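Asks: Below is the file model_15.cif, with mmCIF, C-alpha atoms.
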data_input
loop_
_atom_site.label_atom_id
_atom_site.label_comp_id
_atom_site.auth_asym_id
_atom_site.auth_seq_id
_atom_site.Cartn_x
_atom_site.Cartn_y
_atom_site.Cartn_z
CA MET N 835 -190.97 6.33 -108.31
CA SER N 836 -187.89 7.08 -106.21
CA ASN N 837 -187.97 9.38 -103.21
CA ASP N 838 -185.64 11.81 -104.99
CA THR N 839 -187.93 11.94 -108.03
CA HIS N 840 -190.88 12.58 -105.77
CA THR N 841 -188.96 15.38 -104.06
CA LEU N 842 -188.14 17.07 -107.34
CA SER N 843 -191.71 16.82 -108.67
CA CYS N 844 -193.29 18.77 -105.81
CA GLY N 845 -193.73 21.83 -107.97
CA PRO N 846 -191.93 25.16 -108.45
CA HIS N 847 -193.79 26.83 -105.60
CA ILE N 848 -191.95 24.59 -103.15
CA PHE N 849 -188.51 25.43 -104.50
CA ASN N 850 -189.23 29.14 -104.69
CA ASN N 851 -190.36 29.34 -101.07
CA GLU N 852 -187.23 29.52 -98.92
CA ILE N 853 -189.05 28.87 -95.64
CA ILE N 854 -190.79 25.70 -96.82
CA LEU N 855 -187.74 24.44 -98.65
CA ALA N 856 -185.50 25.02 -95.64
CA GLU N 857 -187.85 22.97 -93.47
CA ILE N 858 -187.92 20.13 -96.02
CA CYS N 859 -184.13 20.10 -96.29
CA LYS N 860 -183.77 19.54 -92.55
CA TYR N 861 -184.95 15.96 -93.09
CA LEU N 862 -183.18 15.07 -96.33
CA PRO N 863 -180.07 12.85 -96.59
CA GLN N 864 -177.03 14.30 -98.33
CA GLY N 865 -177.80 12.58 -101.63
CA SER N 866 -181.20 14.26 -101.78
CA LEU N 867 -179.72 17.58 -100.70
CA ALA N 868 -177.31 17.36 -103.63
CA ALA N 869 -180.31 16.89 -105.95
CA VAL N 870 -182.08 19.90 -104.43
CA SER N 871 -178.97 22.04 -104.92
CA VAL N 872 -179.28 21.90 -108.74
CA VAL N 873 -182.96 22.82 -108.91
CA SER N 874 -182.86 26.55 -108.17
CA THR N 875 -180.79 29.30 -106.59
CA HIS N 876 -182.83 28.99 -103.40
CA GLY N 877 -182.31 25.23 -103.46
CA TRP N 878 -178.56 25.60 -103.96
CA LYS N 879 -178.11 28.04 -101.07
CA ILE N 880 -180.15 25.99 -98.61
CA ALA N 881 -178.86 22.54 -99.61
CA ILE N 882 -175.19 23.52 -99.89
CA ALA N 883 -175.30 25.18 -96.47
CA ARG N 884 -176.62 21.97 -94.90
CA ILE N 885 -174.21 19.70 -96.78
CA TRP N 886 -171.20 21.75 -95.70
CA ASP N 887 -172.41 22.32 -92.15
CA THR N 888 -171.68 18.66 -91.33
CA PRO N 889 -169.68 16.92 -94.09
CA TYR N 890 -170.26 13.16 -94.20
CA LEU N 891 -166.83 11.67 -94.92
CA THR N 892 -166.40 7.90 -95.19
CA HIS N 893 -163.24 7.33 -97.27
CA ILE N 894 -159.89 9.04 -97.61
CA GLU N 895 -160.23 10.14 -101.25
CA GLN N 896 -163.52 11.79 -100.40
CA LEU N 897 -161.76 13.71 -97.64
CA ARG N 898 -158.91 14.73 -99.94
CA ASN N 899 -161.39 16.04 -102.52
CA PHE N 900 -163.14 17.90 -99.72
CA VAL N 901 -159.98 19.69 -98.54
CA LYS N 902 -159.22 20.84 -102.10
CA VAL N 903 -162.38 22.94 -102.03
CA VAL N 904 -162.46 24.38 -98.49
CA SER N 905 -160.61 27.55 -99.47
CA SER N 906 -162.69 28.17 -102.62
CA PRO N 907 -164.96 31.24 -102.55
CA LEU N 908 -168.71 30.70 -102.74
CA PRO N 909 -170.16 31.66 -106.15
CA ILE N 910 -173.29 32.93 -104.38
CA SER N 911 -173.14 34.46 -100.90
CA ILE N 912 -174.66 32.32 -98.12
CA ASN N 913 -175.10 34.09 -94.78
CA ASN N 914 -172.09 36.31 -95.53
CA LYS N 915 -169.72 33.33 -95.54
CA PRO N 916 -166.69 33.90 -97.81
CA SER N 917 -165.82 30.27 -98.63
CA TYR N 918 -167.06 26.69 -98.52
CA GLY N 919 -164.84 25.94 -95.54
CA SER N 920 -166.30 28.79 -93.53
CA MET N 921 -169.68 26.99 -93.52
CA VAL N 922 -168.38 23.86 -91.75
CA ARG N 923 -169.62 23.56 -88.15
CA LYS N 924 -169.04 19.90 -87.35
CA PHE N 925 -166.00 17.96 -88.59
CA ASP N 926 -166.43 14.32 -87.63
CA LEU N 927 -163.90 11.76 -88.88
CA SER N 928 -165.28 8.85 -86.84
CA MET N 929 -166.78 7.24 -89.97
CA LEU N 930 -163.67 7.69 -92.14
CA ALA N 931 -162.44 4.22 -93.13
CA GLY N 932 -158.72 3.57 -92.63
CA ARG N 933 -158.08 6.88 -90.86
CA TRP N 934 -155.78 5.15 -88.36
CA GLU N 935 -153.24 4.45 -91.13
CA LYS N 936 -154.11 6.68 -94.10
CA LEU N 937 -154.89 10.10 -92.61
CA GLY N 938 -151.88 12.41 -92.31
CA SER N 939 -151.37 15.94 -91.03
CA ASN N 940 -151.21 17.23 -94.63
CA ASP N 941 -154.79 16.06 -95.11
CA LEU N 942 -155.96 18.18 -92.19
CA GLU N 943 -153.90 21.36 -92.65
CA PRO N 944 -156.41 23.00 -95.07
CA VAL N 945 -159.26 22.23 -92.67
CA PHE N 946 -157.51 23.83 -89.70
CA LYS N 947 -156.56 26.85 -91.82
CA HIS N 948 -159.83 27.52 -93.68
CA CYS N 949 -162.62 25.95 -91.59
CA THR N 950 -162.43 28.48 -88.78
CA HIS N 951 -166.03 28.15 -87.59
CA ILE N 952 -165.92 24.48 -86.60
CA SER N 953 -167.39 23.94 -83.14
CA GLU N 954 -167.26 20.12 -83.03
CA LEU N 955 -164.09 18.18 -83.90
CA ASN N 956 -163.89 14.39 -83.78
CA ILE N 957 -160.47 12.88 -84.53
CA ASN N 958 -161.18 9.57 -82.80
CA LEU N 959 -158.73 6.84 -83.88
CA CYS N 960 -156.68 9.22 -86.06
CA GLN N 961 -153.36 7.65 -85.12
CA ASN N 962 -151.19 8.28 -88.18
CA ILE N 963 -150.33 11.86 -87.19
CA MET N 964 -147.17 12.35 -85.14
CA ASP N 965 -147.42 14.08 -81.77
CA SER N 966 -145.44 17.10 -82.94
CA GLN N 967 -147.60 17.38 -86.07
CA LEU N 968 -150.81 17.30 -84.05
CA VAL N 969 -149.64 20.07 -81.74
CA ALA N 970 -148.50 22.14 -84.75
CA LEU N 971 -151.92 21.82 -86.41
CA PHE N 972 -153.54 23.47 -83.40
CA ALA N 973 -150.74 25.88 -82.51
CA ASN N 974 -150.51 27.30 -86.04
CA ASN N 975 -154.25 27.99 -86.29
CA PRO N 976 -155.45 30.02 -83.26
CA GLU N 977 -158.66 31.13 -84.98
CA PHE N 978 -159.60 27.50 -85.52
CA CYS N 979 -158.80 26.72 -81.87
CA SER N 980 -160.97 29.53 -80.55
CA SER N 981 -164.03 28.12 -82.35
CA ILE N 982 -163.79 24.55 -81.00
CA ARG N 983 -166.35 23.71 -78.31
CA ASN N 984 -166.41 19.90 -78.46
CA LEU N 985 -163.35 17.68 -78.96
CA ASP N 986 -163.15 13.89 -79.23
CA ILE N 987 -159.54 12.68 -79.30
CA GLY N 988 -160.35 9.16 -78.09
CA GLU N 989 -158.63 5.91 -79.09
CA THR N 990 -155.42 7.65 -80.12
CA MET N 991 -151.84 7.01 -79.03
CA TYR N 992 -150.71 10.57 -78.33
CA SER N 993 -148.74 11.06 -75.13
CA ASP N 994 -150.34 12.65 -72.10
CA LYS N 995 -148.11 15.70 -72.61
CA THR N 996 -149.22 16.08 -76.22
CA ILE N 997 -152.89 15.90 -75.25
CA ALA N 998 -152.24 18.44 -72.49
CA LYS N 999 -150.60 20.82 -74.99
CA VAL N 1000 -153.60 20.55 -77.31
CA ILE N 1001 -156.02 21.18 -74.45
CA ARG N 1002 -154.14 24.34 -73.44
CA LEU N 1003 -154.59 25.63 -76.99
CA LEU N 1004 -158.39 25.24 -76.86
CA PRO N 1005 -159.69 27.93 -74.50
CA ARG N 1006 -163.44 27.44 -74.93
CA LEU N 1007 -164.19 23.73 -74.66
CA ASN N 1008 -167.63 22.59 -73.49
CA GLU N 1009 -167.19 18.85 -74.10
CA LEU N 1010 -163.96 16.81 -74.04
CA ARG N 1011 -163.68 13.07 -74.71
CA MET N 1012 -160.32 11.36 -74.19
CA ASN N 1013 -161.46 7.74 -73.83
CA GLU N 1014 -158.82 5.04 -74.28
CA THR N 1015 -155.88 7.42 -74.53
CA TYR N 1016 -152.71 8.04 -72.49
CA ALA N 1017 -154.43 10.86 -70.64
CA SER N 1018 -153.14 11.00 -67.06
CA SER N 1019 -152.91 13.27 -64.04
CA HIS N 1020 -150.74 15.57 -66.16
CA THR N 1021 -153.56 15.90 -68.68
CA VAL N 1022 -156.14 16.44 -65.97
CA LYS N 1023 -154.02 19.28 -64.59
CA ALA N 1024 -154.11 21.02 -67.99
CA VAL N 1025 -157.90 20.66 -68.10
CA ALA N 1026 -158.31 21.95 -64.55
CA GLU N 1027 -156.13 25.00 -65.22
CA THR N 1028 -157.64 26.06 -68.57
CA GLN N 1029 -161.18 24.77 -69.09
CA GLY N 1030 -163.50 26.96 -67.07
CA MET N 1031 -166.37 26.49 -69.55
CA LEU N 1032 -166.28 22.67 -69.59
CA PHE N 1033 -169.63 20.88 -69.15
CA THR N 1034 -168.70 17.27 -69.98
CA ILE N 1035 -165.50 15.21 -69.82
CA GLU N 1036 -164.95 11.49 -70.47
CA LEU N 1037 -161.85 9.59 -69.35
CA PHE N 1038 -162.86 5.94 -69.82
CA ASP N 1039 -159.94 3.51 -69.61
CA CYS N 1040 -157.43 6.28 -68.82
CA ASP N 1041 -154.69 6.30 -66.19
CA VAL N 1042 -156.33 8.77 -63.83
CA THR N 1043 -157.04 8.66 -60.10
CA ALA N 1044 -160.03 9.39 -57.93
CA ASP N 1045 -158.26 12.56 -56.77
CA ASP N 1046 -157.95 13.62 -60.42
CA ILE N 1047 -161.71 13.31 -60.83
CA LEU N 1048 -162.33 15.43 -57.74
CA THR N 1049 -159.78 17.97 -58.98
CA LEU N 1050 -161.78 18.33 -62.18
CA PHE N 1051 -164.96 18.82 -60.21
CA THR N 1052 -163.53 21.51 -57.95
CA SER N 1053 -161.59 23.35 -60.68
CA CYS N 1054 -164.15 23.34 -63.50
CA SER N 1055 -167.08 25.15 -61.94
CA MET N 1056 -169.48 24.49 -64.84
CA LEU N 1057 -168.78 20.74 -65.07
CA MET N 1058 -172.02 18.72 -65.09
CA GLU N 1059 -170.94 15.28 -66.36
CA ILE N 1060 -167.81 13.20 -65.68
CA GLY N 1061 -167.18 9.84 -67.32
CA ALA N 1062 -164.58 7.92 -65.30
CA PRO N 1063 -162.96 4.45 -65.36
CA PHE N 1064 -165.12 1.86 -63.60
CA SER N 1065 -162.10 0.84 -61.51
CA LEU N 1066 -162.47 4.10 -59.57
CA SER N 1067 -166.13 3.64 -58.66
CA GLU N 1068 -165.67 2.30 -55.11
CA GLU N 1069 -162.87 4.71 -54.21
CA LEU N 1070 -164.84 7.66 -55.55
CA GLU N 1071 -167.89 6.57 -53.60
CA ASP N 1072 -165.87 6.73 -50.38
CA LYS N 1073 -164.30 10.07 -51.24
CA VAL N 1074 -167.58 11.64 -52.30
CA MET N 1075 -169.10 10.87 -48.90
CA GLU N 1076 -166.34 12.90 -47.25
CA PHE N 1077 -166.46 15.70 -49.81
CA ASP N 1078 -168.34 18.95 -49.19
CA MET N 1079 -170.50 19.29 -52.30
CA GLU N 1080 -172.23 22.56 -53.15
CA ARG N 1081 -173.46 21.66 -56.62
CA CYS N 1082 -174.66 18.61 -58.54
CA CYS N 1083 -172.56 16.75 -61.11
CA GLU N 1084 -173.41 13.43 -62.78
CA LEU N 1085 -170.67 10.81 -62.53
CA TYR N 1086 -170.83 7.72 -64.74
CA PHE N 1087 -168.49 4.85 -65.58
CA ASP N 1088 -167.46 2.73 -68.52
CA HIS N 1089 -168.46 -0.95 -68.61
CA ASP N 1090 -166.49 -3.43 -66.53
CA ASP N 1091 -166.45 -7.07 -67.66
CA ASP N 1092 -166.19 -8.23 -64.05
CA TYR N 1093 -169.77 -7.08 -63.52
CA SER N 1094 -172.16 -9.12 -65.63
CA ASP N 1095 -175.22 -8.21 -63.58
CA ASP N 1096 -176.70 -5.06 -65.14
CA ASP N 1097 -178.74 -4.33 -62.01
CA LEU N 1098 -175.62 -4.35 -59.85
CA LEU N 1099 -173.80 -2.07 -62.29
CA THR N 1100 -176.74 0.36 -62.29
CA GLU N 1101 -176.83 0.33 -58.50
CA VAL N 1102 -173.12 1.08 -58.19
CA ILE N 1103 -173.38 3.93 -60.69
CA HIS N 1104 -176.41 5.35 -58.91
CA ASP N 1105 -174.60 5.38 -55.58
CA VAL N 1106 -171.99 7.83 -56.90
CA MET N 1107 -173.94 9.42 -59.72
CA TYR N 1108 -174.28 12.85 -58.17
CA LEU N 1109 -171.29 14.70 -56.77
#
I'd like the structure from this file rewritten - as structure tokens, please.

Replies:
Amino acid sequence: MSNDTHTLSCGPHIFNNEIILAEICKYLPQGSLAAVSVVSTHGWKIAIARIWDTPYLTHIEQLRNFVKVVSSPLPISINNKPSYGSMVRKFDLSMLAGRWEKLGSNDLEPVFKHCTHISELNINLCQNIMDSQLVALFANNPEFCSSIRNLDIGETMYSDKTIAKVIRLLPRLNELRMNETYASSHTVKAVAETQGMLFTIELFDCDVTADDILTLFTSCSMLMEIGAPFSLSEELEDKVMEFDMERCCELYFDHDDDYSDDDLLTEVIHDVMYL
């Protein structure tokens, strides 16, 4: 007997009890949630809410079918949400195959317009969108921008000025990952001037300086974690010793192939781990 069959044979008392069913659905994969959604009204409301909270998108046609529905009204009210798109909280494209060449700005426009409660946005390796198109997506949708707390824009080829423009449009970031991008001192300046609520930032393999890292620390008063290029580790260690620190901040580095000894790498990181 399959797991799905076992789930659906638990008895009507399970599917009529919203509390029990909600707890069960926390542990179900999306395929099983889809099965639960056709069992009862309670099942539909609970399963659909979880499916749409964090859509699992792996291929471009799946995404394009998804965006066709985001503006559609819900047939049954779920937590006073007006549409399917309004239920989305995390939009992660990191598992979307071929996104670096197939994903265009037209594919994302409905998401930015109708999914205005997204708090986590991952557009890692989405390189087929022009710089001007990316800025327009954010600039034309201020409600979407105000909801974003976590942004991953890593492994993209946008200019440092484009990334800076996007950052200035996102006033409430808590986490920002720009690994392997053209982020530079110009980008760091935008972060320092606008992101007072930032907790975590990662700049692995970016063209930034030790002074940029210290600028982030002094300007972003809530910053608790900084991921920096390993090449800056020794310079930062020297600067930190001369720096008057009044709070603690964890500093960590990306891997450097020149250091094959894990113990040595750990020791170097530990020496400058706390600003």

Asks: Translate the PyMOL selection byres ((chain N and resi 925) around 7) into a concrete residue list for this structure, as a PyMOL selection string.

Replies: chain N and resi 888-889+923-924+926-927+952+954-956

Asks: For CA of Leu1050 (chain N) and CA of Gly988 (chain N), determine how far apart the two atoms are, in Å to one decimal place.

Replies: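 Computed distance, CA of Leu1050 (chain N) to CA of Gly988 (chain N), equals 18.4 Å.
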
Asks: Please report the interatomic distance between CA of Leu867 (chain N) and CA of Gly932 (chain N) in Å with one decimal.

Replies: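 So the two atoms, CA of Leu867 (chain N) and CA of Gly932 (chain N), lie 26.5 Å apart.
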
Asks: Within 8 Å of (-176.7, 32.3, -96.6) in the file's own coordinates, which protein, DNA or RNA residues have an atom, counting all atoms listed in the file? List them as number ranges by chain.

Replies: N: 879-880, 883, 911-915

Asks: Mind pulling up the distance from CA of Pro907 (chain N) to CA of Ala856 (chain N)?

Replies: 22.5 Å

Asks: Running the PyMOL selection byres ((chain N and resi 958) around 6) on this model by hand, what would come out? Give it as a count of residues only.

Replies: 9

Asks: Going by the chain IDs and residue numbers used in this file, which residues fall under the PyMOL selection byres ((chain N and resi 1061-1071) around 7)? Write them as a PyMOL selection string.

Replies: chain N and resi 1035-1040+1044+1059-1060+1072-1075+1085-1090+1106

Asks: Nearest to Ala931 (chain N): which of N:His893, N:Ala1017, N:Ile885, N:Glu1027 is it, counting only C-alpha atoms?

Replies: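 With only C-alpha atoms as the atom set, the closest residue is N:His893.
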
Asks: Measuring atom to atom with all atoms listed in the file, identify which of N:Glu1009, N:Glu895, N:Asp941, N:Asp887 is nearest to Arg983 (chain N).

Replies: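 Of all the options, N:Glu1009 lies closest to Arg983 (chain N).
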
Asks: Could you give me, as a ChimeraX atom specification, the residues within 10 Å of Ser993 (chain N), counting all atoms listed in the file and dropping anything in the same chain fewer than 4 positions from it?

Replies: /N:965,997-999,1015-1018,1021

Asks: With distances taken over all atoms listed in the file, which of N:Lys1023, N:Lys936, N:Arg884, N:Lys995 is nearest to Asp1045 (chain N)?

Replies: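 Closest candidate: N:Lys1023.
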
Asks: So which residues touch Asp1046 (chain N) within 7 Å, counting only C-alpha atoms, skipping near sequence neighbours fewer than 3 positions away, as a VMD selection string?

Replies: chain N and resid 1019 1022 1042 to 1043 1049 to 1050

Asks: Ranking N:Thr1028, N:Asn975, N:Ser871, N:Thr990 by minimum distance to Arg1011 (chain N) and counting all atoms listed in the file, which one comes first?

Replies: N:Thr990

Asks: Report as an NGL selection string all protein, DNA and RNA residues lying within 8 Å of Lys947 (chain N), evaluated on all atoms listed in the file, omitting residues in the same chain fewer than 3 positions from it.

Replies: :N and (943-944 or 950 or 975 or 978)

Asks: Select, from N:Leu1057, N:Ala1024, N:Glu852, N:Lys860, the residue with the minimum atom-to-atom distance to Asn1008 (chain N), counting all atoms listed in the file.

Replies: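 Ranking N:Leu1057, N:Ala1024, N:Glu852, N:Lys860 by distance to Asn1008 (chain N), first place goes to N:Leu1057.
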
Asks: Working from the structure I just supplied, which lacks atoms in region 863-875 of chain N, can you model N, CA, C and O atoms there and output them as a PDB file, in the coordinates of the input?

Replies:
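Once written, selection-v7.pdb looks like this:
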ATOM      1  N   PRO N 863    -181.460  13.342 -96.614  1.00  0.00           N
ATOM      2  CA  PRO N 863    -180.070  12.850 -96.590  1.00  0.00           C
ATOM      3  C   PRO N 863    -179.231  13.637 -97.577  1.00  0.00           C
ATOM      4  O   PRO N 863    -179.756  14.374 -98.429  1.00  0.00           O
ATOM      5  N   GLN N 864    -177.917  13.475 -97.503  1.00  0.00           N
ATOM      6  CA  GLN N 864    -177.030  14.300 -98.330  1.00  0.00           C
ATOM      7  C   GLN N 864    -177.227  14.064 -99.821  1.00  0.00           C
ATOM      8  O   GLN N 864    -177.083  14.989-100.613  1.00  0.00           O
ATOM      9  N   GLY N 865    -177.561  12.840-100.209  1.00  0.00           N
ATOM     10  CA  GLY N 865    -177.800  12.580-101.630  1.00  0.00           C
ATOM     11  C   GLY N 865    -178.974  13.382-102.163  1.00  0.00           C
ATOM     12  O   GLY N 865    -178.918  13.941-103.265  1.00  0.00           O
ATOM     13  N   SER N 866    -180.039  13.471-101.381  1.00  0.00           N
ATOM     14  CA  SER N 866    -181.200  14.260-101.780  1.00  0.00           C
ATOM     15  C   SER N 866    -180.912  15.750-101.735  1.00  0.00           C
ATOM     16  O   SER N 866    -181.407  16.518-102.567  1.00  0.00           O
ATOM     17  N   LEU N 867    -180.110  16.171-100.765  1.00  0.00           N
ATOM     18  CA  LEU N 867    -179.720  17.580-100.700  1.00  0.00           C
ATOM     19  C   LEU N 867    -178.934  17.977-101.946  1.00  0.00           C
ATOM     20  O   LEU N 867    -179.113  19.081-102.477  1.00  0.00           O
ATOM     21  N   ALA N 868    -178.072  17.081-102.414  1.00  0.00           N
ATOM     22  CA  ALA N 868    -177.310  17.360-103.630  1.00  0.00           C
ATOM     23  C   ALA N 868    -178.246  17.542-104.815  1.00  0.00           C
ATOM     24  O   ALA N 868    -178.026  18.412-105.678  1.00  0.00           O
ATOM     25  N   ALA N 869    -179.328  16.746-104.873  1.00  0.00           N
ATOM     26  CA  ALA N 869    -180.310  16.890-105.950  1.00  0.00           C
ATOM     27  C   ALA N 869    -181.039  18.224-105.850  1.00  0.00           C
ATOM     28  O   ALA N 869    -181.265  18.909-106.857  1.00  0.00           O
ATOM     29  N   VAL N 870    -181.395  18.624-104.634  1.00  0.00           N
ATOM     30  CA  VAL N 870    -182.080  19.900-104.430  1.00  0.00           C
ATOM     31  C   VAL N 870    -181.187  21.069-104.848  1.00  0.00           C
ATOM     32  O   VAL N 870    -181.662  22.083-105.378  1.00  0.00           O
ATOM     33  N   SER N 871    -179.888  20.927-104.647  1.00  0.00           N
ATOM     34  CA  SER N 871    -178.970  22.040-104.920  1.00  0.00           C
ATOM     35  C   SER N 871    -178.898  22.428-106.390  1.00  0.00           C
ATOM     36  O   SER N 871    -178.432  23.528-106.704  1.00  0.00           O
ATOM     37  N   VAL N 872    -179.350  21.570-107.300  1.00  0.00           N
ATOM     38  CA  VAL N 872    -179.280  21.900-108.740  1.00  0.00           C
ATOM     39  C   VAL N 872    -180.615  22.344-109.295  1.00  0.00           C
ATOM     40  O   VAL N 872    -180.739  22.586-110.502  1.00  0.00           O
ATOM     41  N   VAL N 873    -181.618  22.485-108.439  1.00  0.00           N
ATOM     42  CA  VAL N 873    -182.960  22.820-108.910  1.00  0.00           C
ATOM     43  C   VAL N 873    -183.154  24.319-109.088  1.00  0.00           C
ATOM     44  O   VAL N 873    -183.739  24.780-110.068  1.00  0.00           O
ATOM     45  N   SER N 874    -182.657  25.113-108.140  1.00  0.00           N
ATOM     46  CA  SER N 874    -182.860  26.550-108.170  1.00  0.00           C
ATOM     47  C   SER N 874    -181.787  27.230-107.331  1.00  0.00           C
ATOM     48  O   SER N 874    -181.046  26.573-106.596  1.00  0.00           O
ATOM     49  N   THR N 875    -181.726  28.550-107.423  1.00  0.00           N
ATOM     50  CA  THR N 875    -180.790  29.300-106.590  1.00  0.00           C
ATOM     51  C   THR N 875    -181.107  29.129-105.119  1.00  0.00           C
ATOM     52  O   THR N 875    -180.214  28.927-104.282  1.00  0.00           O
TER      53      THR N 875
END
